[in-house]
>>> print(open('upload_11.pdb').read())   # PDB, C-alpha atoms
ATOM      1  CA  MET A  44      -2.369 -24.640 -33.884
ATOM      2  CA  PHE A  45       1.313 -23.819 -33.351
ATOM      3  CA  GLY A  46       0.688 -20.219 -34.469
ATOM      4  CA  ARG A  47      -2.078 -19.857 -31.862
ATOM      5  CA  PHE A  48       0.320 -21.166 -29.211
ATOM      6  CA  LEU A  49       2.963 -18.621 -30.234
ATOM      7  CA  ARG A  50       0.424 -15.784 -30.157
ATOM      8  CA  GLY A  51      -0.678 -16.895 -26.692
ATOM      9  CA  LEU A  52       2.935 -17.024 -25.551
ATOM     10  CA  ALA A  53       3.573 -13.553 -26.966
ATOM     11  CA  LEU A  54       0.515 -12.173 -25.148
ATOM     12  CA  LEU A  55       1.671 -13.772 -21.916
ATOM     13  CA  ALA A  56       5.140 -12.246 -22.363
ATOM     14  CA  LEU A  57       3.567  -8.830 -22.969
ATOM     15  CA  ALA A  58       1.416  -9.206 -19.857
ATOM     16  CA  VAL A  59       4.455 -10.133 -17.760
ATOM     17  CA  ALA A  60       6.464  -7.226 -19.195
ATOM     18  CA  ALA A  61       3.595  -4.827 -18.512
ATOM     19  CA  PHE A  62       3.324  -6.057 -14.926
ATOM     20  CA  PHE A  63       7.000  -5.390 -14.274
ATOM     21  CA  LEU A  64       7.260  -2.108 -16.183
ATOM     22  CA  TRP A  65       3.909  -0.442 -15.476
ATOM     23  CA  PRO A  66       4.062   1.952 -12.512
ATOM     24  CA  LEU A  67       2.314   0.323  -9.551
ATOM     25  CA  ARG A  68       1.432   2.776  -6.816
ATOM     26  CA  VAL A  69      -1.088   3.028  -4.052
ATOM     27  CA  PRO A  70      -2.818   6.377  -3.653
ATOM     28  CA  GLU A  71      -1.323   8.636  -1.014
ATOM     29  CA  GLU A  72      -4.068   9.056   1.568
ATOM     30  CA  ARG A  73      -4.522  11.312   4.557
ATOM     31  CA  PRO A  74      -2.756   9.518   7.410
ATOM     32  CA  HIS A  75      -4.422   7.940  10.393
ATOM     33  CA  PRO A  76      -3.141   9.077  13.821
ATOM     34  CA  THR A  77      -0.846   6.013  13.991
ATOM     35  CA  LEU A  78       2.005   5.491  11.548
ATOM     36  CA  VAL A  79       3.759   2.146  11.147
ATOM     37  CA  VAL A  80       7.148   2.687   9.520
ATOM     38  CA  LEU A  81       8.402  -0.526   7.948
ATOM     39  CA  GLY A  82      12.014  -1.349   8.677
ATOM     40  CA  ALA A  83      14.971  -1.349   6.333
ATOM     41  CA  ALA A  84      18.683  -1.821   6.895
ATOM     42  CA  GLN A  85      20.676   0.138   9.434
ATOM     43  CA  TYR A  86      24.446   0.440   9.454
ATOM     44  CA  ALA A  87      26.211   0.653  12.821
ATOM     45  CA  GLY A  88      23.337   2.527  14.408
ATOM     46  CA  ARG A  89      22.532   4.791  11.456
ATOM     47  CA  PRO A  90      19.621   4.355   9.067
ATOM     48  CA  SER A  91      20.509   3.168   5.573
ATOM     49  CA  PRO A  92      19.480   5.512   2.723
ATOM     50  CA  ALA A  93      16.389   3.337   2.148
ATOM     51  CA  PHE A  94      15.414   3.533   5.820
ATOM     52  CA  GLN A  95      16.179   7.238   6.184
ATOM     53  CA  VAL A  96      13.813   8.149   3.347
ATOM     54  CA  ARG A  97      10.989   6.286   5.114
ATOM     55  CA  LEU A  98      11.807   7.894   8.455
ATOM     56  CA  ASP A  99      12.039  11.380   6.943
ATOM     57  CA  HIS A 100       8.647  10.876   5.320
ATOM     58  CA  ALA A 101       7.145   9.825   8.665
ATOM     59  CA  LEU A 102       8.735  12.901  10.248
ATOM     60  CA  GLU A 103       7.172  15.125   7.597
ATOM     61  CA  LEU A 104       3.742  13.593   8.258
ATOM     62  CA  TYR A 105       4.200  14.024  12.018
ATOM     63  CA  ARG A 106       5.159  17.687  11.651
ATOM     64  CA  ALA A 107       2.075  18.299   9.493
ATOM     65  CA  GLY A 108      -0.066  17.441  12.543
ATOM     66  CA  GLY A 109      -2.610  14.827  13.530
ATOM     67  CA  ILE A 110      -0.132  11.998  14.203
ATOM     68  CA  HIS A 111      -0.123  10.695  17.786
ATOM     69  CA  THR A 112       1.981   7.527  17.511
ATOM     70  CA  ILE A 113       4.801   6.327  15.278
ATOM     71  CA  VAL A 114       5.781   2.658  15.468
ATOM     72  CA  VAL A 115       9.131   1.951  13.812
ATOM     73  CA  THR A 116       9.651  -1.712  13.004
ATOM     74  CA  GLY A 117      12.576  -4.031  12.386
ATOM     75  CA  GLY A 118      14.783  -6.437  14.258
ATOM     76  CA  ARG A 119      18.512  -7.099  14.177
ATOM     77  CA  GLN A 120      20.886  -9.216  12.160
ATOM     78  CA  GLU A 121      22.657 -11.925  14.130
ATOM     79  CA  GLY A 122      25.483 -10.410  16.162
ATOM     80  CA  ASP A 123      24.395  -6.819  15.501
ATOM     81  CA  PRO A 124      23.935  -4.709  18.642
ATOM     82  CA  TYR A 125      21.423  -2.435  16.900
ATOM     83  CA  THR A 126      17.865  -3.059  15.761
ATOM     84  CA  GLU A 127      16.163  -1.277  12.897
ATOM     85  CA  GLY A 128      13.289  -0.277  15.173
ATOM     86  CA  GLY A 129      15.616   1.102  17.824
ATOM     87  CA  VAL A 130      17.737   3.002  15.315
ATOM     88  CA  GLY A 131      14.624   4.469  13.707
ATOM     89  CA  VAL A 132      13.222   5.646  17.020
ATOM     90  CA  SER A 133      16.573   7.225  17.975
ATOM     91  CA  TYR A 134      16.694   9.004  14.620
ATOM     92  CA  LEU A 135      13.206  10.452  15.045
ATOM     93  CA  LYS A 136      13.920  11.496  18.648
ATOM     94  CA  HIS A 137      17.029  13.319  17.436
ATOM     95  CA  LYS A 138      14.814  15.118  14.899
ATOM     96  CA  GLY A 139      12.505  16.332  17.660
ATOM     97  CA  VAL A 140       9.710  13.752  17.871
ATOM     98  CA  PRO A 141       8.896  13.294  21.586
ATOM     99  CA  ALA A 142       9.564   9.907  23.141
ATOM    100  CA  ARG A 143       5.899   9.561  24.177
ATOM    101  CA  ALA A 144       4.907   9.423  20.490
ATOM    102  CA  LEU A 145       7.393   6.687  19.566
ATOM    103  CA  ARG A 146       7.368   2.874  19.798
ATOM    104  CA  ALA A 147      10.130   0.544  18.655
ATOM    105  CA  GLU A 148       9.238  -2.924  17.386
ATOM    106  CA  GLU A 149      12.555  -4.799  17.514
ATOM    107  CA  ARG A 150      11.972  -8.476  16.644
ATOM    108  CA  SER A 151      10.696  -8.643  13.073
ATOM    109  CA  ARG A 152      12.613  -9.792  10.013
ATOM    110  CA  THR A 153       9.899  -9.713   7.305
ATOM    111  CA  THR A 154       7.121  -7.363   6.223
ATOM    112  CA  ALA A 155       4.481  -9.682   7.700
ATOM    113  CA  GLN A 156       6.340  -9.750  11.011
ATOM    114  CA  ASN A 157       6.813  -5.945  10.921
ATOM    115  CA  LEU A 158       3.050  -5.556  10.866
ATOM    116  CA  ASN A 159       2.164  -8.418  13.170
ATOM    117  CA  TYR A 160       4.564  -7.447  15.947
ATOM    118  CA  ALA A 161       3.673  -3.764  15.565
ATOM    119  CA  ALA A 162       0.044  -4.675  16.295
ATOM    120  CA  ARG A 163       1.112  -5.827  19.768
ATOM    121  CA  LEU A 164       2.280  -2.294  20.584
ATOM    122  CA  LEU A 165      -1.047  -0.713  19.634
ATOM    123  CA  PRO A 166      -4.556  -0.676  21.055
ATOM    124  CA  PRO A 167      -6.903  -3.279  19.534
ATOM    125  CA  HIS A 168      -8.374  -2.255  16.187
ATOM    126  CA  ALA A 169      -6.120   0.787  15.842
ATOM    127  CA  ALA A 170      -6.259   2.285  12.357
ATOM    128  CA  ILE A 171      -2.782   2.615  10.853
ATOM    129  CA  THR A 172      -1.015   4.301   7.987
ATOM    130  CA  VAL A 173       1.784   2.222   6.521
ATOM    131  CA  VAL A 174       4.921   4.201   5.696
ATOM    132  CA  THR A 175       7.308   2.575   3.264
ATOM    133  CA  ASP A 176       8.618   3.410  -0.193
ATOM    134  CA  TYR A 177       6.131   3.462  -3.041
ATOM    135  CA  VAL A 178       7.546   0.288  -4.620
ATOM    136  CA  HIS A 179       7.027  -1.743  -1.433
ATOM    137  CA  ALA A 180       3.751  -0.060  -0.464
ATOM    138  CA  PRO A 181       1.265  -2.100  -2.584
ATOM    139  CA  ARG A 182       2.370  -5.426  -1.086
ATOM    140  CA  ALA A 183       2.707  -4.041   2.440
ATOM    141  CA  LEU A 184      -0.743  -2.442   2.352
ATOM    142  CA  ALA A 185      -2.356  -5.621   1.024
ATOM    143  CA  MET A 186      -0.720  -7.571   3.853
ATOM    144  CA  ALA A 187      -1.897  -5.082   6.476
ATOM    145  CA  ARG A 188      -5.477  -5.296   5.250
ATOM    146  CA  ASP A 189      -5.347  -9.092   5.023
ATOM    147  CA  MET A 190      -4.218  -9.102   8.670
ATOM    148  CA  GLY A 191      -7.361  -7.209   9.623
ATOM    149  CA  PHE A 192      -5.930  -3.721  10.033
ATOM    150  CA  THR A 193      -7.941  -0.697   9.068
ATOM    151  CA  ALA A 194      -5.072   0.617   6.997
ATOM    152  CA  ASN A 195      -4.035   2.978   4.284
ATOM    153  CA  ALA A 196      -0.603   3.959   3.001
ATOM    154  CA  ASN A 197       1.318   7.182   2.606
ATOM    155  CA  PRO A 198       4.325   6.083   0.559
ATOM    156  CA  SER A 199       7.728   7.711   0.634
ATOM    157  CA  PRO A 200       9.836   8.284  -2.464
ATOM    158  CA  LEU A 201      12.572   5.853  -3.363
ATOM    159  CA  TRP A 202      16.039   6.663  -2.113
ATOM    160  CA  PRO A 203      18.351   8.092  -4.815
ATOM    161  CA  SER A 204      20.505   4.967  -5.207
ATOM    162  CA  ALA A 205      17.583   2.495  -5.403
ATOM    163  CA  SER A 206      18.444  -0.139  -7.970
ATOM    164  CA  LEU A 207      16.385  -1.593 -10.794
ATOM    165  CA  ARG A 208      17.006  -4.947  -9.116
ATOM    166  CA  TYR A 209      15.147  -3.767  -6.000
ATOM    167  CA  ARG A 210      12.196  -2.588  -8.093
ATOM    168  CA  LEU A 211      11.998  -5.879  -9.973
ATOM    169  CA  ARG A 212      12.454  -7.989  -6.843
ATOM    170  CA  GLU A 213       9.676  -6.159  -5.027
ATOM    171  CA  ARG A 214       7.382  -6.442  -8.040
ATOM    172  CA  LEU A 215       8.053 -10.185  -8.150
ATOM    173  CA  ALA A 216       7.357 -10.452  -4.410
ATOM    174  CA  TRP A 217       4.078  -8.597  -4.938
ATOM    175  CA  ALA A 218       3.080 -11.010  -7.714
ATOM    176  CA  ALA A 219       4.027 -14.019  -5.593
ATOM    177  CA  TYR A 220       2.000 -12.661  -2.689
ATOM    178  CA  LEU A 221      -1.046 -12.095  -4.872
ATOM    179  CA  LEU A 222      -0.862 -15.550  -6.403
ATOM    180  CA  LEU A 223       0.523 -17.762  -3.661
ATOM    181  CA  ASP A 224       0.857 -16.300  -0.215
ATOM    182  CA  TYR A 225      -2.574 -15.613   1.257
ATOM    183  CA  GLU A 226      -2.696 -18.965   3.020
ATOM    184  CA  GLY A 227       0.962 -18.705   4.020
ATOM    185  CA  LEU A 228       0.341 -15.301   5.567
ATOM    186  CA  ARG A 229      -2.611 -16.573   7.572
ATOM    187  CA  GLU A 230      -0.496 -19.458   8.847
ATOM    188  CA  GLU A 231       2.290 -17.086   9.876
ATOM    189  CA  ASN A 232      -0.181 -14.794  11.632
ATOM    190  CA  GLN A 233      -1.582 -17.750  13.548
ATOM    191  CA  ARG A 234       1.892 -18.899  14.544
ATOM    192  CA  LEU A 235       2.918 -15.422  15.679
ATOM    193  CA  SER A 236      -0.290 -14.904  17.640
ATOM    194  CA  GLN A 237       0.422 -18.067  19.638
ATOM    195  CA  ARG A 238       3.947 -16.963  20.521
ATOM    196  CA  PRO A 239       4.242 -15.252  23.906
ATOM    197  CA  PRO A 240       5.216 -11.552  23.680
ATOM    198  CA  GLY A 241       8.685 -10.395  24.567
TER     199      GLY A 241
END
>>> encode(input="upload_11.pdb", output="structure tokens")
Amino acid sequence: MFGRFLRGLALLALAVAAFFLWPLRVPEERPHPTLVVLGAAQYAGRPSPAFQVRLDHALELYRAGGIHTIVVTGGRQEGDPYTEGGVGVSYLKHKGVPARALRAEERSRTTAQNLNYAARLLPPHAAITVVTDYVHAPRALAMARDMGFTANANPSPLWPSASLRYRLRERLAWAAYLLLDYEGLREENQRLSQRPPG
């Protein structure tokens, strides 16, 4: 009896280890005409390395053709004069993307909010391609589809200094979302949809 318990525990440990160590990627698909770039930190008006990699990937997709709109998401930390969305839009403008193709979403603080507030800047039922790093992409794409988007993902690489801690934290967040957060996400969507824009 005790031996069976230990074998079960060992199998569970192997399953957990496999979940955290096995590469988890979404397939890179041909982008829809609208990109939604998920925010990451900015420092004094400049994109962080994590954010710049996402923005550069969106720029590459735009230059390849077929992209009409890029929504860059992300709000501000308390007391910070800059928003992630605003910094991202400025960065892409500086790289030659015309202002008419750019939208800044500047209120969100979480992935769910990134997507939910971005939807308010788009026509109803717009198909989107989520742009974020490949570690974050599985959770972000699942959220987008659960919110009702017609969505795919075109993930960026990780930035060179990305830590193992980030990879593990995002994998844990993905597991928690799969197991626990569907109802929580629906509740947040409902709450956000009742909040007046602006």
>>> residues_around(input="upload_11.pdb", residues="segment 171-178 of chain A", least_positions_apart="2", cutoff="10 Å", atoms="all atoms listed in the file", output="PDB file with C-alpha atoms, keeping the file's coordinate frame")
ATOM      1  CA  PRO A  66       4.062   1.952 -12.512  1.00  0.00           C
ATOM      2  CA  LEU A  67       2.314   0.323  -9.551  1.00  0.00           C
ATOM      3  CA  ARG A  68       1.432   2.776  -6.816  1.00  0.00           C
ATOM      4  CA  VAL A  69      -1.088   3.028  -4.052  1.00  0.00           C
ATOM      5  CA  PRO A  70      -2.818   6.377  -3.653  1.00  0.00           C
ATOM      6  CA  GLU A  71      -1.323   8.636  -1.014  1.00  0.00           C
ATOM      7  CA  GLU A  72      -4.068   9.056   1.568  1.00  0.00           C
ATOM      8  CA  ARG A  73      -4.522  11.312   4.557  1.00  0.00           C
ATOM      9  CA  PRO A  74      -2.756   9.518   7.410  1.00  0.00           C
ATOM     10  CA  HIS A  75      -4.422   7.940  10.393  1.00  0.00           C
ATOM     11  CA  PRO A  76      -3.141   9.077  13.821  1.00  0.00           C
ATOM     12  CA  THR A  77      -0.846   6.013  13.991  1.00  0.00           C
ATOM     13  CA  LEU A  78       2.005   5.491  11.548  1.00  0.00           C
ATOM     14  CA  VAL A  79       3.759   2.146  11.147  1.00  0.00           C
ATOM     15  CA  VAL A  80       7.148   2.687   9.520  1.00  0.00           C
ATOM     16  CA  LEU A  81       8.402  -0.526   7.948  1.00  0.00           C
ATOM     17  CA  GLY A  82      12.014  -1.349   8.677  1.00  0.00           C
ATOM     18  CA  ALA A  83      14.971  -1.349   6.333  1.00  0.00           C
ATOM     19  CA  ALA A  93      16.389   3.337   2.148  1.00  0.00           C
ATOM     20  CA  PHE A  94      15.414   3.533   5.820  1.00  0.00           C
ATOM     21  CA  VAL A  96      13.813   8.149   3.347  1.00  0.00           C
ATOM     22  CA  ARG A  97      10.989   6.286   5.114  1.00  0.00           C
ATOM     23  CA  LEU A  98      11.807   7.894   8.455  1.00  0.00           C
ATOM     24  CA  HIS A 100       8.647  10.876   5.320  1.00  0.00           C
ATOM     25  CA  ALA A 101       7.145   9.825   8.665  1.00  0.00           C
ATOM     26  CA  LEU A 104       3.742  13.593   8.258  1.00  0.00           C
ATOM     27  CA  ILE A 110      -0.132  11.998  14.203  1.00  0.00           C
ATOM     28  CA  THR A 112       1.981   7.527  17.511  1.00  0.00           C
ATOM     29  CA  ILE A 113       4.801   6.327  15.278  1.00  0.00           C
ATOM     30  CA  VAL A 114       5.781   2.658  15.468  1.00  0.00           C
ATOM     31  CA  VAL A 115       9.131   1.951  13.812  1.00  0.00           C
ATOM     32  CA  LEU A 158       3.050  -5.556  10.866  1.00  0.00           C
ATOM     33  CA  ALA A 162       0.044  -4.675  16.295  1.00  0.00           C
ATOM     34  CA  LEU A 165      -1.047  -0.713  19.634  1.00  0.00           C
ATOM     35  CA  HIS A 168      -8.374  -2.255  16.187  1.00  0.00           C
ATOM     36  CA  ALA A 169      -6.120   0.787  15.842  1.00  0.00           C
ATOM     37  CA  ALA A 180       3.751  -0.060  -0.464  1.00  0.00           C
ATOM     38  CA  PRO A 181       1.265  -2.100  -2.584  1.00  0.00           C
ATOM     39  CA  ARG A 182       2.370  -5.426  -1.086  1.00  0.00           C
ATOM     40  CA  ALA A 183       2.707  -4.041   2.440  1.00  0.00           C
ATOM     41  CA  LEU A 184      -0.743  -2.442   2.352  1.00  0.00           C
ATOM     42  CA  ALA A 187      -1.897  -5.082   6.476  1.00  0.00           C
ATOM     43  CA  PHE A 192      -5.930  -3.721  10.033  1.00  0.00           C
ATOM     44  CA  THR A 193      -7.941  -0.697   9.068  1.00  0.00           C
ATOM     45  CA  ALA A 194      -5.072   0.617   6.997  1.00  0.00           C
ATOM     46  CA  ASN A 195      -4.035   2.978   4.284  1.00  0.00           C
ATOM     47  CA  ALA A 196      -0.603   3.959   3.001  1.00  0.00           C
ATOM     48  CA  ASN A 197       1.318   7.182   2.606  1.00  0.00           C
ATOM     49  CA  PRO A 198       4.325   6.083   0.559  1.00  0.00           C
ATOM     50  CA  SER A 199       7.728   7.711   0.634  1.00  0.00           C
ATOM     51  CA  PRO A 200       9.836   8.284  -2.464  1.00  0.00           C
ATOM     52  CA  LEU A 201      12.572   5.853  -3.363  1.00  0.00           C
ATOM     53  CA  TRP A 202      16.039   6.663  -2.113  1.00  0.00           C
ATOM     54  CA  TYR A 209      15.147  -3.767  -6.000  1.00  0.00           C
ATOM     55  CA  ARG A 210      12.196  -2.588  -8.093  1.00  0.00           C
ATOM     56  CA  LEU A 211      11.998  -5.879  -9.973  1.00  0.00           C
ATOM     57  CA  ARG A 212      12.454  -7.989  -6.843  1.00  0.00           C
ATOM     58  CA  GLU A 213       9.676  -6.159  -5.027  1.00  0.00           C
ATOM     59  CA  ARG A 214       7.382  -6.442  -8.040  1.00  0.00           C
ATOM     60  CA  TRP A 217       4.078  -8.597  -4.938  1.00  0.00           C
TER      61      TRP A 217
END
>>> closest_residue(input="upload_11.pdb", among="A:Ser91, A:Tyr86, A:Leu145, A:Lys138", to="Arg106 of chain A", atoms="all atoms listed in the file")
A:Lys138
>>> closest_residue(input="upload_11.pdb", among="A:Leu222, A:Leu207, A:Ala84, A:Ala185", to="Asp123 of chain A", atoms="only C-alpha atoms")
A:Ala84
>>> atom_distance(input="upload_11.pdb", atom1="atom CA of Pro203 of chain A", atom2="atom CA of Pro92 of chain A")
8.0 Å
>>> closest_residue(input="upload_11.pdb", among="A:Gly128, A:Gly108, A:Gly88, A:Gly117", to="Ala155 of chain A", atoms="only C-alpha atoms")
A:Gly117
>>> atom_distance(input="upload_11.pdb", atom1="atom CA of Asn157 of chain A", atom2="atom CA of Tyr220 of chain A")
15.9 Å
